[in-house]
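These notes are about the structure you will find just below.
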Amino acid sequence: MSTQMTFYHVSHRPLREGTLLTIGAYGERTRQANFMEKHYATYLKEEIFEDIRQQNYPKAPSRFNCIFLFPDFGMAKEFYANTCGYQHYVYEVEIVKGSPFIVEMDLLKCDGNNYHKIKSNAKKYWEQISHPNSGTLEALLLGEAKVKSLILEPSNI
């Protein structure tokens with residue numbers, strides 16, 4: 001099933017119009033030994049979220065095997081600025097196949113939390129619970145999306 005809504009993708013790579021986005025790139029990177037050594041807390045959080053998904057929400061797309069999108073340009077731009085330090089690309093994309101699974105990114109902020117709090121956040125995440133008027137939504141897509149156009153480039157500043 002395809003949707004006609006506009007979505008946005010943030011990438012560290014330059015992509016041409018018409019490029020199909022790669023599923024699972026984040027999952028591959030997160031499970032590499034050098035990533036685990038440098039970002040162990042992130043790796044551990046992602047594994048806990050994946051365990052909760054597999055046990056309780058198996059129909060939800062895995063964060064290890066999806067395409068990450070933003071349902072709103074403002075959210076993509078905020079991620080580009082605050083998380084990527086203006087050093088990535090922002091693309092408008094078209095969903096070719098699949099339905100986006102909209103979730104609250106704030107629930108991923110787990111640094112310093114104990115295991116039970118991380119599990120609680122993961123359950124809310126997979127249940128698609130979000131704040132009223134949330135500005136931190138992301139879309140997980142198990143399907144196909146292609147680049148329509150480049151919106152923002154890395155900043156030279």
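Chain labels run A, B, ... following the order of the structure tokens; each chain numbers its residues from 1, and ligands are numbered from 1 in the order shown.
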
- Selection: 7 Å around range 44-50 of chain A, only C-alpha atoms, excl. self and same-chain fewer than 3 positions, as a ChimeraX atom specification: /A:40-41,53-54,62,119,122

Selected residues written out, N, CA and C atoms, as a PDB file, in the first residue's frame:
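The new file again_13.pdb reads:
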```pdb
ATOM      1  N   TYR A  40      28.451   2.374  23.115  1.00  0.00           N
ATOM      2  CA  TYR A  40      27.867   1.189  23.744  1.00  0.00           C
ATOM      3  C   TYR A  40      26.452   1.440  24.273  1.00  0.00           C
ATOM      4  N   ALA A  41      26.206   2.598  24.874  1.00  0.00           N
ATOM      5  CA  ALA A  41      24.868   2.894  25.423  1.00  0.00           C
ATOM      6  C   ALA A  41      23.822   2.904  24.319  1.00  0.00           C
ATOM      7  N   ARG A  53      10.342  -5.127  20.787  1.00  0.00           N
ATOM      8  CA  ARG A  53       9.576  -5.204  19.539  1.00  0.00           C
ATOM      9  C   ARG A  53       9.312  -6.659  19.159  1.00  0.00           C
ATOM     10  N   GLN A  54      10.348  -7.472  19.166  1.00  0.00           N
ATOM     11  CA  GLN A  54      10.202  -8.876  18.772  1.00  0.00           C
ATOM     12  C   GLN A  54       9.234  -9.627  19.686  1.00  0.00           C
ATOM     13  N   SER A  62      11.329  -3.260  12.290  1.00  0.00           N
ATOM     14  CA  SER A  62      12.522  -3.211  13.129  1.00  0.00           C
ATOM     15  C   SER A  62      13.322  -1.954  12.819  1.00  0.00           C
ATOM     16  N   LYS A 119      13.046  -0.139  29.034  1.00  0.00           N
ATOM     17  CA  LYS A 119      11.973  -1.048  28.589  1.00  0.00           C
ATOM     18  C   LYS A 119      10.631  -0.322  28.514  1.00  0.00           C
ATOM     19  N   ALA A 122      10.586   1.806  25.501  1.00  0.00           N
ATOM     20  CA  ALA A 122      10.459   0.972  24.309  1.00  0.00           C
ATOM     21  C   ALA A 122       9.004   0.544  24.082  1.00  0.00           C
TER      22      ALA A 122
END
```

- Query: What are the DSSP strand (DSSP E or B) residues of chain A, as JSON, numbers by chain?
  - Reply: {"A": [7, 8, 9, 10, 11, 20, 67, 68, 69, 70, 89, 90, 91, 92, 93, 94, 95, 96, 97, 101, 102, 103, 104, 137, 138, 139, 140, 141, 144, 145, 146, 147, 148, 149, 150, 151, 152]}

- Could you give me, as a PyMOL selection string, the residues within 9 Å of Phe64 in chain A, counting only C-alpha atoms and dropping anything in the same chain fewer than 2 positions from it? chain A and resi 23-28+30-31+46+50+61-62+66

- For CA of Val10 in chain A and CA of Val90 in chain A, quote the distance in Å rounded to one decimal.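 Separation between CA of Val10 in chain A and CA of Val90 in chain A: 4.6 Å.
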
- Message: Show me, as a list in words, the residues that have an atom within 9 Å of range 143-149 of chain A when counting only C-alpha atoms, minus same-chain residues fewer than 5 positions from it.
- Response: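 The filter keeps Tyr8, His9, Leu15, Arg16, Glu17, Gly18, Thr19, Leu20, Leu21, Thr22, Ile23, Cys66, Ile67, Val90, Tyr91, Glu92, Val93, Glu94, Ile95, Val96, Lys97, Gly98, Ser99 and Pro100 of chain A.
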
- Query: So which residues of chain A fall under helix (DSSP H, G or I) by DSSP, listed as a ChimeraX atom specification?
  - Reply: /A:25-30,33-38,40-56,73-82,105-108,115-126

- Counting only C-alpha atoms, what is within 9 Å of range 77-81 of chain A, bar same-chain residues fewer than 4 positions away, as a PyMOL selection string? chain A and resi 10-11+72-73+85-90+136+152+154

Could those selected residues go to a file with all heavy atoms, as a short mmCIF file (atom, residue, chain, number, x, y, z; two decimals), in the first residue's frame?
```
data_model
loop_
_atom_site.label_atom_id
_atom_site.label_comp_id
_atom_site.auth_asym_id
_atom_site.auth_seq_id
_atom_site.Cartn_x
_atom_site.Cartn_y
_atom_site.Cartn_z
N VAL A 10 17.01 12.20 6.15
CA VAL A 10 18.28 12.85 6.44
C VAL A 10 19.37 11.79 6.25
O VAL A 10 19.28 10.70 6.79
CB VAL A 10 18.31 13.42 7.88
CG1 VAL A 10 19.66 14.05 8.18
CG2 VAL A 10 17.18 14.42 8.08
N SER A 11 20.39 12.14 5.47
CA SER A 11 21.46 11.19 5.14
C SER A 11 22.81 11.88 5.18
O SER A 11 22.92 13.07 4.87
CB SER A 11 21.23 10.61 3.75
OG SER A 11 22.30 9.74 3.39
N ASP A 72 7.48 15.41 8.66
CA ASP A 72 7.34 16.85 8.62
C ASP A 72 8.71 17.47 8.35
O ASP A 72 9.71 17.05 8.95
CB ASP A 72 6.79 17.31 9.98
CG ASP A 72 6.69 18.81 10.11
OD1 ASP A 72 5.67 19.35 9.69
OD2 ASP A 72 7.65 19.42 10.63
N PHE A 73 8.77 18.48 7.49
CA PHE A 73 10.05 19.13 7.17
C PHE A 73 10.67 19.77 8.40
O PHE A 73 11.88 19.71 8.60
CB PHE A 73 9.89 20.16 6.06
CG PHE A 73 11.15 20.91 5.78
CD1 PHE A 73 12.26 20.26 5.26
CD2 PHE A 73 11.25 22.26 6.08
CE1 PHE A 73 13.45 20.94 5.03
CE2 PHE A 73 12.44 22.95 5.86
CZ PHE A 73 13.54 22.28 5.33
N GLY A 85 24.44 18.43 13.26
CA GLY A 85 25.29 19.60 13.22
C GLY A 85 25.39 20.26 11.85
O GLY A 85 26.45 20.76 11.48
N TYR A 86 24.30 20.24 11.11
CA TYR A 86 24.21 20.84 9.77
C TYR A 86 25.14 20.16 8.76
O TYR A 86 25.45 20.73 7.73
CB TYR A 86 24.53 22.34 9.81
CG TYR A 86 23.63 23.14 10.71
CD1 TYR A 86 24.03 23.46 12.01
CD2 TYR A 86 22.39 23.58 10.27
CE1 TYR A 86 23.20 24.19 12.85
CE2 TYR A 86 21.55 24.32 11.10
CZ TYR A 86 21.97 24.62 12.39
OH TYR A 86 21.14 25.34 13.21
N GLN A 87 25.58 18.94 9.04
CA GLN A 87 26.56 18.28 8.18
C GLN A 87 26.00 17.10 7.40
O GLN A 87 26.76 16.23 6.96
CB GLN A 87 27.78 17.84 9.02
CG GLN A 87 28.53 19.00 9.63
CD GLN A 87 28.98 20.01 8.58
OE1 GLN A 87 29.66 19.67 7.62
NE2 GLN A 87 28.56 21.26 8.75
N HIS A 88 24.70 17.05 7.23
CA HIS A 88 24.07 15.99 6.44
C HIS A 88 23.23 16.62 5.33
O HIS A 88 23.17 17.83 5.20
CB HIS A 88 23.19 15.11 7.33
CG HIS A 88 23.95 14.13 8.17
ND1 HIS A 88 24.94 14.50 9.05
CD2 HIS A 88 23.85 12.80 8.26
CE1 HIS A 88 25.43 13.44 9.65
NE2 HIS A 88 24.79 12.38 9.19
N TYR A 89 22.56 15.77 4.57
CA TYR A 89 21.67 16.19 3.50
C TYR A 89 20.23 15.90 3.93
O TYR A 89 19.98 14.90 4.60
CB TYR A 89 21.94 15.41 2.21
CG TYR A 89 23.33 15.60 1.67
CD1 TYR A 89 24.40 14.83 2.14
CD2 TYR A 89 23.59 16.55 0.69
CE1 TYR A 89 25.68 14.99 1.63
CE2 TYR A 89 24.86 16.72 0.17
CZ TYR A 89 25.90 15.94 0.65
OH TYR A 89 27.17 16.10 0.15
N VAL A 90 19.31 16.75 3.51
CA VAL A 90 17.89 16.51 3.75
C VAL A 90 17.22 16.39 2.39
O VAL A 90 17.38 17.27 1.52
CB VAL A 90 17.22 17.64 4.57
CG1 VAL A 90 15.73 17.36 4.76
CG2 VAL A 90 17.92 17.80 5.92
N THR A 136 8.76 15.70 17.65
CA THR A 136 9.87 14.75 17.51
C THR A 136 9.42 13.41 16.96
O THR A 136 9.87 12.37 17.42
CB THR A 136 10.59 14.55 18.85
OG1 THR A 136 9.66 13.99 19.79
CG2 THR A 136 11.18 15.83 19.40
N LEU A 152 18.16 20.34 1.64
CA LEU A 152 19.26 21.01 2.34
C LEU A 152 20.55 20.25 2.14
O LEU A 152 20.56 19.01 2.13
CB LEU A 152 18.97 21.09 3.84
CG LEU A 152 17.85 22.01 4.30
CD1 LEU A 152 17.57 21.79 5.78
CD2 LEU A 152 18.22 23.46 4.04
N PRO A 154 24.89 19.98 3.39
CA PRO A 154 25.74 20.29 4.54
C PRO A 154 26.16 21.75 4.52
O PRO A 154 26.44 22.31 3.46
CB PRO A 154 26.95 19.35 4.38
CG PRO A 154 26.42 18.22 3.54
CD PRO A 154 25.42 18.84 2.62
#
```

- Task: Please provide as a ChimeraX atom specification all residues within 10 Å of Asn56 in chain A, with the sequence filter that same-chain residues fewer than 5 positions apart are discarded (counting only C-alpha atoms).
- Result: /A:50-51,123,126-127

- Message: Between A:Ser134, A:Asn121, A:Asn113, A:Ser155, which residue has the minimum interatomic distance to Cys84 in chain A, considering only C-alpha atoms?
- Response: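 Ranked by minimum distance to Cys84 in chain A, first place goes to A:Ser155.
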
- Item | Interatomic distance (Å, one decimal) between CA of Leu142 in chain A and CA of Ala33 in chain A | 25.2 Å
